[in-house]
>>> print(open('target19.txt').read())   # compact mmCIF, C-alpha atoms
# COMPACT_ATOMS: atom_id res chain seq x y z
CA MET A 21 316.88 25.61 18.11
CA ALA A 22 315.66 29.14 17.48
CA GLU A 23 318.23 31.81 16.77
CA ARG A 24 317.19 35.31 15.86
CA ASP A 25 318.80 38.52 16.82
CA GLU A 26 317.08 41.74 17.70
CA ALA A 27 318.57 42.67 21.02
CA LEU A 28 317.62 45.88 22.78
CA TRP A 29 319.18 47.07 26.05
CA LEU A 30 316.44 48.52 28.23
CA ASP A 31 318.48 51.25 29.85
CA ALA A 32 318.30 55.02 30.08
CA ARG A 33 319.94 55.48 26.67
CA ARG A 34 317.02 53.82 24.94
CA ARG A 35 313.90 55.90 24.31
CA LEU A 36 310.54 54.30 23.65
CA THR A 37 307.36 55.87 22.31
CA ILE A 38 304.22 55.33 24.35
CA VAL A 39 303.07 52.73 21.80
CA GLU A 40 306.39 50.85 22.07
CA LEU A 41 306.17 51.04 25.87
CA SER A 42 302.66 49.62 25.69
CA GLU A 43 303.91 46.76 23.52
CA CYS A 44 306.81 46.04 25.91
CA THR A 45 304.73 46.09 29.07
CA GLY A 46 301.33 44.86 27.91
CA MET A 47 299.76 47.95 29.51
CA PRO A 48 297.24 49.80 27.35
CA VAL A 49 298.29 53.29 26.23
CA SER A 50 295.35 54.75 28.20
CA VAL A 51 296.70 53.18 31.43
CA LEU A 52 300.20 54.49 30.72
CA ARG A 53 298.74 57.98 30.24
CA GLU A 54 296.91 57.65 33.56
CA LEU A 55 300.13 56.57 35.29
CA VAL A 56 301.78 59.73 33.93
CA GLU A 57 298.84 61.78 35.26
CA TYR A 58 299.32 60.25 38.72
CA GLY A 59 303.03 61.03 38.59
CA ALA A 60 304.01 57.35 38.78
CA LEU A 61 305.54 57.35 35.30
CA ALA A 62 307.62 60.19 33.91
CA PRO A 63 308.11 60.92 30.22
CA ALA A 64 311.66 61.89 29.26
CA ASP A 65 310.32 65.34 28.37
CA PRO A 66 306.82 65.96 29.78
CA ARG A 67 306.45 69.16 27.71
CA ALA A 68 307.01 67.37 24.40
CA GLY A 69 303.95 66.85 22.22
CA GLU A 70 304.76 63.18 21.72
CA TRP A 71 305.97 61.52 24.90
CA ASP A 72 309.10 59.38 24.96
CA PHE A 73 310.08 57.19 27.89
CA LEU A 74 313.48 55.98 29.03
CA GLY A 75 313.99 52.24 28.57
CA ASP A 76 314.96 51.68 32.19
CA CYS A 77 311.31 52.04 33.27
CA VAL A 78 310.27 48.87 31.41
CA ALA A 79 311.27 46.30 34.06
CA SER A 80 309.28 47.96 36.87
CA LEU A 81 306.31 48.56 34.58
CA ARG A 82 306.24 44.91 33.49
CA ALA A 83 306.36 43.78 37.11
CA ALA A 84 303.62 46.26 38.06
CA ALA A 85 301.52 45.02 35.14
CA ARG A 86 301.83 41.43 36.38
CA VAL A 87 300.97 42.36 39.96
CA GLY A 88 298.08 44.54 38.74
CA ALA A 89 296.63 41.78 36.54
CA ASP A 90 297.02 39.06 39.17
CA LEU A 91 295.55 41.14 42.00
CA GLU A 92 292.99 42.88 39.77
CA LEU A 93 294.20 46.33 40.83
CA ASP A 94 292.80 49.59 39.53
CA VAL A 95 295.11 52.21 38.06
CA PRO A 96 295.64 54.29 41.26
CA ALA A 97 296.70 51.11 43.09
CA LEU A 98 298.89 50.20 40.11
CA ALA A 99 300.56 53.62 40.38
CA LEU A 100 301.34 52.93 44.04
CA VAL A 101 302.78 49.48 43.23
CA LEU A 102 304.90 51.01 40.48
CA ALA A 103 306.26 53.69 42.82
CA TYR A 104 307.23 51.05 45.39
CA LEU A 105 308.79 48.72 42.81
CA GLU A 106 310.91 51.57 41.45
CA ARG A 107 311.92 52.55 44.96
CA ILE A 108 312.95 48.95 45.70
CA ALA A 109 314.93 48.80 42.45
CA ARG A 110 316.75 52.05 43.31
CA LEU A 111 317.53 50.85 46.84
CA GLU A 112 318.79 47.49 45.57
CA GLU A 113 321.02 49.31 43.10
CA GLU A 114 322.33 51.48 45.94
CA VAL A 115 323.02 48.39 48.08
CA ARG A 116 324.93 46.86 45.14
CA ARG A 117 326.91 50.08 44.65
CA LEU A 118 327.79 50.46 48.31
CA GLY A 119 328.66 46.78 48.57
CA ALA A 120 331.07 47.15 45.67
CA LEU A 121 332.65 50.26 47.18
CA LEU A 122 333.02 48.58 50.56
CA GLY A 123 334.49 45.47 49.03
CA GLN A 124 331.62 43.23 50.08
CA ALA A 125 330.29 40.34 48.07
CA ARG A 126 326.76 40.76 46.80
CA PRO A 127 324.14 39.59 49.32
CA MET B 110 294.80 13.45 35.53
CA LYS B 111 295.98 14.46 39.01
CA TYR B 112 293.40 15.88 41.35
CA LYS B 113 294.04 19.27 42.94
CA ASP B 114 291.99 20.58 45.83
CA TYR B 115 291.53 24.21 44.81
CA TYR B 116 289.60 25.04 47.98
CA ALA B 117 292.40 23.69 50.18
CA ILE B 118 294.99 25.59 48.14
CA LEU B 119 293.15 28.84 48.88
CA GLY B 120 292.40 27.73 52.44
CA VAL B 121 288.62 28.15 52.14
CA ALA B 122 285.65 25.85 52.72
CA ARG B 123 283.93 24.29 49.72
CA ASP B 124 280.86 26.41 50.39
CA ALA B 125 282.83 29.65 50.76
CA SER B 126 281.21 32.75 49.26
CA PRO B 127 282.77 34.35 46.15
CA ALA B 128 283.84 37.28 48.36
CA ALA B 129 285.60 34.93 50.80
CA ILE B 130 287.38 33.15 47.93
CA LYS B 131 288.49 36.49 46.47
CA ALA B 132 289.75 37.68 49.85
CA ALA B 133 291.68 34.43 50.39
CA TYR B 134 293.23 34.66 46.93
CA ARG B 135 294.26 38.29 47.42
CA LYS B 136 295.82 37.56 50.78
CA LEU B 137 297.85 34.65 49.42
CA ALA B 138 298.74 36.49 46.21
CA GLN B 139 300.15 39.40 48.18
CA LYS B 140 302.27 36.95 50.16
CA TYR B 141 303.56 34.81 47.31
CA HIS B 142 303.46 36.96 44.17
CA PRO B 143 306.85 36.42 42.50
CA ASP B 144 307.29 40.16 41.90
CA VAL B 145 306.84 40.88 45.59
CA THR B 146 308.05 37.92 47.62
CA LYS B 147 311.61 36.95 48.43
CA ASP B 148 310.43 33.38 49.06
CA PRO B 149 312.34 31.16 46.59
CA GLN B 150 309.29 28.88 46.39
CA GLY B 151 307.02 31.89 45.84
CA GLU B 152 306.66 31.48 42.09
CA GLU B 153 305.57 27.83 42.33
CA LYS B 154 303.20 28.60 45.19
CA PHE B 155 301.74 31.54 43.32
CA LYS B 156 301.12 29.44 40.18
CA GLU B 157 299.12 27.00 42.28
CA ILE B 158 297.17 29.79 43.97
CA ALA B 159 296.46 31.54 40.64
CA GLU B 160 295.30 28.27 39.08
CA ALA B 161 292.87 27.69 41.95
CA TRP B 162 291.63 31.28 41.69
CA GLN B 163 291.09 31.04 37.92
CA ALA B 164 288.94 27.95 38.43
CA LEU B 165 286.93 29.16 41.41
CA LYS B 166 286.31 32.82 40.54
CA ASP B 167 284.16 31.94 37.52
CA PRO B 168 280.76 30.55 38.63
CA ASP B 169 280.56 28.17 35.63
CA LYS B 170 284.06 26.83 36.19
CA ARG B 171 283.47 26.53 39.90
CA ALA B 172 280.25 24.57 39.29
CA ALA B 173 282.13 22.28 36.90
CA TYR B 174 284.95 21.82 39.40
CA ASP B 175 282.48 21.05 42.19
CA GLN B 176 280.89 18.35 40.04
CA LEU B 177 284.24 16.56 39.88
CA GLY B 178 283.50 15.57 43.46
CA SER B 179 285.27 16.06 46.73
CA GLY B 180 286.28 12.48 47.47
CA HIS B 181 289.72 12.72 45.87
CA ARG B 182 293.00 13.30 47.62
CA PRO B 183 295.34 15.98 46.25
CA GLY B 184 297.76 14.39 43.75
CA GLU B 185 295.56 11.33 43.32
CA ASP B 186 294.95 10.12 39.76
CA PHE B 187 291.36 10.58 38.79
CA ARG B 188 289.16 10.90 35.73
CA PRO B 189 286.12 13.15 35.47
CA PRO B 190 282.89 11.15 35.69
CA PRO B 191 281.42 10.16 32.27
CA ASP B 192 278.41 12.43 32.64
CA TRP B 193 280.74 15.36 33.44
CA GLU B 194 282.66 14.90 30.19
CA ARG B 195 279.46 14.42 28.17
CA HIS B 196 277.80 17.44 29.73
CA PHE B 197 280.65 19.81 29.06
CA ARG B 198 281.37 18.42 25.60
CA ASP B 199 277.69 18.93 24.75
CA GLU B 200 277.87 22.47 26.09
CA GLY B 201 280.62 23.17 23.60
CA ALA B 202 283.41 23.58 26.13
CA PHE B 203 285.58 21.00 24.40
CA ALA B 204 283.41 20.34 21.36
CA ASP B 205 286.05 21.06 18.76
CA GLY B 206 288.09 18.03 19.75
CA GLN B 207 291.06 20.09 20.94
CA PHE B 208 290.98 18.55 24.34
CA SER B 209 291.99 15.13 25.56
CA PHE B 210 290.88 14.17 29.06
CA ASP B 211 293.44 11.39 29.17
CA GLU B 212 296.56 13.50 28.81
CA ALA B 213 295.45 16.76 30.36
CA ASP B 214 296.40 18.51 33.55
CA LEU B 215 293.54 19.89 35.62
CA SER B 216 294.71 23.43 34.81
CA ASP B 217 294.60 22.63 31.03
CA LEU B 218 291.05 21.43 31.51
CA PHE B 219 289.85 24.67 33.04
CA ALA B 220 291.86 26.79 30.60
CA ALA B 221 290.13 24.95 27.73
CA PHE B 222 286.81 25.46 29.47
CA GLY B 223 287.34 29.19 29.52
CA ALA B 224 288.61 29.40 25.96
CA ARG B 225 285.44 28.27 24.25
CA ALA B 226 283.96 31.73 23.84
CA GLY B 227 287.02 32.93 21.99
CA ARG B 228 287.03 29.96 19.66
CA ALA B 229 283.41 30.47 18.77
CA ARG B 230 284.25 33.83 17.20
CA GLY B 231 286.80 32.25 14.89
CA PRO B 232 290.54 32.78 14.78
CA VAL B 233 291.81 36.22 15.76
CA PRO B 234 295.47 37.23 15.89
CA VAL B 235 296.90 36.23 19.25
CA PRO B 236 300.33 37.59 20.18
CA GLY B 237 302.82 35.07 21.53
CA ALA B 238 303.63 35.04 25.21
CA ASP B 239 306.52 37.12 26.51
CA PHE B 240 309.05 35.32 28.67
CA GLU B 241 311.19 36.88 31.36
CA VAL B 242 314.15 34.87 32.60
CA GLY B 243 317.13 35.53 34.80
CA VAL B 244 320.56 35.03 33.24
CA HIS B 245 323.81 34.84 35.23
CA LEU B 246 326.98 35.91 33.43
CA SER B 247 330.60 36.14 34.38
CA LEU B 248 332.18 39.59 34.11
CA GLU B 249 334.18 38.37 31.15
CA GLU B 250 331.02 37.18 29.35
CA ALA B 251 329.31 40.49 30.03
CA HIS B 252 332.36 42.40 28.76
CA ARG B 253 332.85 40.45 25.53
CA GLY B 254 329.24 39.45 24.85
CA THR B 255 328.18 35.84 24.79
CA GLN B 256 325.53 33.34 23.79
CA VAL B 257 323.41 31.47 26.28
CA ASN B 258 321.09 28.53 25.78
CA LEU B 259 317.84 28.97 27.67
CA GLU B 260 315.52 26.06 28.40
CA LEU B 261 311.98 27.43 28.24
CA LYS B 262 308.56 25.83 28.25
CA MET B 263 306.69 27.49 25.42
CA PRO B 264 303.05 27.03 24.47
CA GLU B 265 302.81 25.42 21.03
CA ARG B 266 299.96 23.86 19.06
CA ASP B 267 300.35 20.21 18.07
CA ALA B 268 298.99 18.62 14.87
CA GLN B 269 295.55 18.35 16.47
CA GLY B 270 295.62 22.04 17.38
CA ARG B 271 296.00 21.42 21.09
CA VAL B 272 298.06 23.91 23.04
CA ARG B 273 300.85 22.30 25.02
CA ALA B 274 303.79 23.63 26.99
CA VAL B 275 306.74 22.27 24.99
CA PRO B 276 310.34 22.42 26.22
CA ARG B 277 312.28 24.57 23.80
CA THR B 278 315.90 25.68 23.74
CA VAL B 279 316.41 29.29 22.73
CA ARG B 280 319.90 30.44 21.95
CA ALA B 281 320.10 34.08 22.97
CA ARG B 282 322.91 36.30 21.84
CA ILE B 283 323.87 38.81 24.53
CA PRO B 284 325.85 41.68 23.02
CA PRO B 285 328.71 43.33 24.94
CA GLY B 286 327.45 45.87 27.46
CA ALA B 287 325.65 43.84 30.11
CA THR B 288 325.98 44.78 33.73
CA ASP B 289 324.35 43.77 36.98
CA GLY B 290 320.60 44.39 37.04
CA GLN B 291 320.37 45.29 33.36
CA ARG B 292 317.54 44.09 31.12
CA LEU B 293 317.81 42.95 27.53
CA ARG B 294 314.81 42.58 25.26
CA LEU B 295 315.12 40.03 22.47
CA ARG B 296 312.32 40.82 20.10
CA GLY B 297 310.39 37.89 18.68
CA GLN B 298 312.19 35.22 20.71
CA GLY B 299 309.28 34.53 23.06
CA GLY B 300 306.29 32.29 22.41
CA PRO B 301 305.02 32.01 18.84
CA GLY B 302 302.00 34.12 17.91
CA ALA B 303 298.86 32.48 16.52
CA HIS B 304 296.63 33.43 13.57
CA GLY B 305 298.99 36.17 12.41
CA GLY B 306 299.72 37.60 15.86
CA ARG B 307 303.30 38.73 16.52
CA ASP B 308 305.73 36.44 18.27
CA GLY B 309 306.32 37.27 21.92
CA ASP B 310 309.54 38.75 23.24
CA LEU B 311 312.16 37.35 25.55
CA TYR B 312 313.30 39.57 28.42
CA LEU B 313 316.58 38.72 30.09
CA ASP B 314 317.26 39.96 33.63
CA ILE B 315 321.04 40.01 33.80
CA SER B 316 322.97 39.39 36.96
CA LEU B 317 326.72 38.98 37.24
CA HIS B 318 328.51 36.25 39.13
CA PRO B 319 330.76 37.60 41.86
CA HIS B 320 334.31 37.96 40.53
CA PRO B 321 337.32 37.16 42.71
CA LEU B 322 338.95 40.53 41.93
CA PHE B 323 336.56 43.01 40.36
CA ARG B 324 333.32 44.45 41.76
CA PRO B 325 331.05 46.12 39.19
CA VAL B 326 329.18 49.38 39.78
CA GLY B 327 327.28 50.01 36.58
CA HIS B 328 329.96 49.67 33.93
CA ASP B 329 332.80 50.75 36.24
CA LEU B 330 334.86 48.14 38.08
CA HIS B 331 336.38 48.40 41.54
CA LEU B 332 339.49 46.55 42.59
CA ASP B 333 341.41 46.37 45.86
CA LEU B 334 345.09 47.06 45.12
CA PRO B 335 347.31 45.59 47.83
CA LEU B 336 350.76 47.16 48.25
CA ALA B 337 353.60 46.10 50.52
CA PRO B 338 354.52 48.86 53.01
CA TRP B 339 357.83 49.47 51.24
CA GLU B 340 356.09 49.71 47.82
CA ALA B 341 353.75 52.36 49.21
CA ALA B 342 356.61 54.22 50.95
CA LEU B 343 359.27 54.05 48.27
CA GLY B 344 357.15 53.84 45.14
CA ALA B 345 357.16 50.92 42.73
CA THR B 346 356.11 49.81 39.30
CA ILE B 347 353.55 47.03 39.56
CA GLU B 348 351.23 45.06 37.29
CA VAL B 349 347.50 45.67 37.76
CA PRO B 350 345.03 43.14 36.32
CA THR B 351 342.21 44.36 34.09
CA LEU B 352 339.58 42.46 32.09
CA SER B 353 341.71 42.95 28.98
CA GLY B 354 345.09 41.95 30.41
CA SER B 355 347.36 43.56 32.95
CA VAL B 356 348.67 47.12 32.79
CA SER B 357 351.76 48.63 34.37
CA LEU B 358 351.26 51.17 37.12
CA LYS B 359 353.91 53.44 38.58
CA VAL B 360 353.04 53.83 42.26
CA PRO B 361 354.41 57.18 43.48
CA PRO B 362 356.47 57.25 46.70
CA GLY B 363 354.40 57.97 49.81
CA THR B 364 351.15 56.52 48.47
CA PRO B 365 348.64 56.29 51.34
CA ALA B 366 346.15 53.49 51.96
CA GLY B 367 342.72 54.30 50.57
CA ARG B 368 344.02 56.30 47.60
CA LYS B 369 341.85 55.58 44.59
CA LEU B 370 343.52 55.25 41.20
CA ARG B 371 341.46 55.47 38.01
CA PHE B 372 342.21 53.51 34.87
CA ALA B 373 340.13 55.14 32.15
CA GLY B 374 338.39 52.75 29.75
CA LYS B 375 339.38 49.60 31.66
CA GLY B 376 335.90 48.83 32.98
CA LEU B 377 333.07 46.88 31.37
CA ALA B 378 332.06 47.46 27.76
CA ARG B 379 329.10 49.83 27.47
CA PRO B 380 326.14 48.99 25.23
CA GLY B 381 326.64 51.96 22.93
CA GLY B 382 330.40 51.51 22.63
CA GLY B 383 333.24 52.57 24.89
CA GLU B 384 334.01 51.21 28.32
CA GLY B 385 333.56 52.17 31.94
CA ASP B 386 336.57 52.87 34.14
CA LEU B 387 338.51 50.73 36.60
CA TYR B 388 339.07 52.14 40.09
CA ALA B 389 341.81 50.57 42.16
CA THR B 390 341.83 51.38 45.87
CA VAL B 391 345.22 51.09 47.57
CA GLN B 392 345.48 48.76 50.55
CA ILE B 393 348.72 48.52 52.47
CA VAL B 394 349.23 44.92 53.48
CA ASN B 395 351.77 43.76 56.01
CA PRO B 396 353.37 40.33 55.83
CA THR B 397 351.61 38.19 58.41
CA VAL B 398 354.69 36.06 59.08
CA LEU B 399 358.09 37.74 59.32
CA GLY B 400 361.40 36.05 58.67
CA GLU B 401 364.33 36.81 60.97
CA ARG B 402 365.91 39.32 58.58
CA GLU B 403 362.58 41.04 57.91
CA ARG B 404 362.01 41.39 61.64
CA GLU B 405 365.47 42.97 62.04
CA LEU B 406 364.83 45.44 59.23
CA PHE B 407 361.42 46.44 60.61
CA GLY B 408 363.09 46.87 64.00
CA GLU B 409 365.74 49.17 62.50
CA LEU B 410 363.02 51.14 60.74
CA ALA B 411 361.02 51.50 63.94
CA ALA B 412 364.10 52.77 65.77
CA ALA B 413 365.12 55.20 63.04
CA SER B 414 361.73 56.61 61.97
CA ARG B 415 360.06 59.65 63.53
CA PHE B 416 356.81 58.94 61.71
CA ASP B 417 353.79 59.05 64.02
CA PRO B 418 350.66 57.69 62.28
CA ARG B 419 348.51 58.88 65.25
CA GLY B 420 349.90 62.36 65.55
CA HIS B 421 346.53 63.90 64.72
CA PHE B 422 344.92 62.17 67.74
CA ALA B 423 346.53 64.64 70.10
CA ALA B 424 345.35 67.64 68.05
CA GLY B 425 341.84 66.20 67.82
CA GLY B 426 341.74 65.39 71.57
CA SER B 427 342.44 69.01 72.57
CA HIS B 428 338.93 69.99 71.42
CA GLY B 429 337.24 67.59 73.79
>>> encode(input="target19.txt", output="structure tokens")
Amino acid sequence: MAERDEALWLDARRRLTIVELSECTGMPVSVLRELVEYGALAPADPRAGEWDFLGDCVASLRAAARVGADLELDVPALALVLAYLERIARLEEEVRRLGALLGQARP
Amino acid sequence: MKYKDYYAILGVARDASPAAIKAAYRKLAQKYHPDVTKDPQGEEKFKEIAEAWQALKDPDKRAAYDQLGSGHRPGEDFRPPPDWERHFRDEGAFADGQFSFDEADLSDLFAAFGARAGRARGPVPVPGADFEVGVHLSLEEAHRGTQVNLELKMPERDAQGRVRAVPRTVRARIPPGATDGQRLRLRGQGGPGAHGGRDGDLYLDISLHPHPLFRPVGHDLHLDLPLAPWEAALGATIEVPTLSGSVSLKVPPGTPAGRKLRFAGKGLARPGGGEGDLYATVQIVNPTVLGERERELFGELAAASRFDPRGHFAAGGSHG
């Protein structure tokens, strides 16, 4: 049984360089740069010389990468998929939050 | 080897054009892609669709598949005809002996077929596969941290160098700080790399089991706090449960329903240290069955009290 320990929470506290983000998502750095150009991916500080990204973008990017590879999408289509996946994630989070406030069990 | 009808899976005729096959694949992929669909069977369906697409999109693979014949039923045991094996062995598709027709799945066969070009160039570092799995935790496990055993099927090379999906148990340590919808990356715990490539990573998608008392919002917890009418009216000292044991709360006299009380640091542990807060929302709960004495006392209260809970209705009605 394997047991190694290098756990990393992928949340907004964690910052990743573009190279680390590429490693996490399997997307080439050039594609990540294009996604930033299209406004689908936002660096933590767009004016910084070296871009950092918040760790909470990894899940949507990985899903977009899978959809993009499986459907052979070009980068503009990938940007659209990413925008929708992030919107769905935000809405699901809002549903969870409202459900908790209203005292409802999770759907 | 079990036969699979890749044309039927994609819903196209055997003589369909490449464009028609691509269109059929895209239509089905949009419907069943596991990152898009809510269909619980979507992932399995998509694997089947993707396997058919991988075999039929490549003209060489499609020609090889077509030569297997069309007289088999899906799921039927079959073996490629002898000339098929000889032809493709001679072509170098399986010439390095890494492939066994007897034990293979049809998808292994076509994956091996496609891998020959890479092998001809000699070994290059290949990173291990990443795995992404959902993990369900109780609130208590998320708060304290826990270990989970994950049963994964990982690609591994056997003594003959053949790649097989091998069941493997990975024990993943989840540090305190998980909450609903959070992702944890465990570096190097995915599939093993080959020829010096890095090991893949394991991504855990955390979800929390519903708790009978607490509802998480991020790292804060929400709790309904039921009070008897007399506790709310007169004030009381009560015990409020938290994840780390109960705490005493002095309820002030005249506490209304809906009042939200905050218990700082009594929520879920945060990844970087510290804890979220616990919010308890007051509910005033009446006894559903009254004893004789209780009924008398409520009657006395009703007679003596001038309290009108609907007094504002009259003021509000004057505007209409």
>>> residues_around(input="target19.txt", residues="A:Ala97", least_positions_apart="3", cutoff="12 Å", atoms="only C-alpha atoms", output="NGL selection string")
:A and (51 or 54-55 or 58 or 60 or 84-85 or 87-89 or 91-94 or 100-104)
>>> atom_distance(input="target19.txt", atom1="atom CA of B:Gly290", atom2="atom CA of A:Glu113")
7.8 Å
>>> atom_distance(input="target19.txt", atom1="atom CA of B:Ala389", atom2="atom CA of B:Glu250")
21.4 Å
>>> interface_residues(input="target19.txt", of="chain B", to="chain A", cutoff="8 Å", atoms="only C-alpha atoms", output="tab-separated table (two decimals) with C-alpha atoms, in the frame of the given file")
chain	number	residue	atom	x	y	z
B	135	ARG	CA	294.26	38.29	47.42
B	138	ALA	CA	298.74	36.49	46.21
B	139	GLN	CA	300.15	39.40	48.18
B	142	HIS	CA	303.46	36.96	44.17
B	144	ASP	CA	307.29	40.16	41.90
B	159	ALA	CA	296.46	31.54	40.64
B	277	ARG	CA	312.28	24.57	23.80
B	278	THR	CA	315.90	25.68	23.74
B	279	VAL	CA	316.41	29.29	22.73
B	280	ARG	CA	319.90	30.44	21.95
B	281	ALA	CA	320.10	34.08	22.97
B	282	ARG	CA	322.91	36.30	21.84
B	283	ILE	CA	323.87	38.81	24.53
B	284	PRO	CA	325.85	41.68	23.02
B	290	GLY	CA	320.60	44.39	37.04
B	291	GLN	CA	320.37	45.29	33.36
B	292	ARG	CA	317.54	44.09	31.12
B	293	LEU	CA	317.81	42.95	27.53
B	294	ARG	CA	314.81	42.58	25.26
B	295	LEU	CA	315.12	40.03	22.47
B	296	ARG	CA	312.32	40.82	20.10
B	297	GLY	CA	310.39	37.89	18.68
B	298	GLN	CA	312.19	35.22	20.71
B	319	PRO	CA	330.76	37.60	41.86
B	324	ARG	CA	333.32	44.45	41.76
B	325	PRO	CA	331.05	46.12	39.19
B	326	VAL	CA	329.18	49.38	39.78
B	331	HIS	CA	336.38	48.40	41.54
B	333	ASP	CA	341.41	46.37	45.86
B	380	PRO	CA	326.14	48.99	25.23
>>> atom_distance(input="target19.txt", atom1="atom CA of B:His252", atom2="atom CA of A:Arg34")
19.5 Å
>>> residues_around(input="target19.txt", residues="A:Leu52", least_positions_apart="2", cutoff="10 Å", atoms="all atoms listed in the file", output="VMD selection string")
chain A and resid 38 to 39 41 to 42 45 47 to 50 54 to 58 60 to 62 81 95 99
>>> closest_residue(input="target19.txt", among="B:Trp339, B:His318, B:Leu358, B:Leu246", to="B:Leu406", atoms="all atoms listed in the file")
B:Trp339
>>> residues_near_point(input="target19.txt", point="(357.8, 52.1, 49.8)", cutoff="10 Å", atoms="all atoms listed in the file", output="PDB file with C-alpha atoms, keeping the file's coordinate frame")
ATOM      1  CA  LEU B 336     350.760  47.160  48.250  1.00  0.00           C
ATOM      2  CA  ALA B 337     353.600  46.100  50.520  1.00  0.00           C
ATOM      3  CA  PRO B 338     354.520  48.860  53.010  1.00  0.00           C
ATOM      4  CA  TRP B 339     357.830  49.470  51.240  1.00  0.00           C
ATOM      5  CA  GLU B 340     356.090  49.710  47.820  1.00  0.00           C
ATOM      6  CA  ALA B 341     353.750  52.360  49.210  1.00  0.00           C
ATOM      7  CA  ALA B 342     356.610  54.220  50.950  1.00  0.00           C
ATOM      8  CA  LEU B 343     359.270  54.050  48.270  1.00  0.00           C
ATOM      9  CA  GLY B 344     357.150  53.840  45.140  1.00  0.00           C
ATOM     10  CA  ALA B 345     357.160  50.920  42.730  1.00  0.00           C
ATOM     11  CA  VAL B 360     353.040  53.830  42.260  1.00  0.00           C
ATOM     12  CA  PRO B 361     354.410  57.180  43.480  1.00  0.00           C
ATOM     13  CA  PRO B 362     356.470  57.250  46.700  1.00  0.00           C
ATOM     14  CA  GLY B 363     354.400  57.970  49.810  1.00  0.00           C
ATOM     15  CA  THR B 364     351.150  56.520  48.470  1.00  0.00           C
TER      16      THR B 364
END
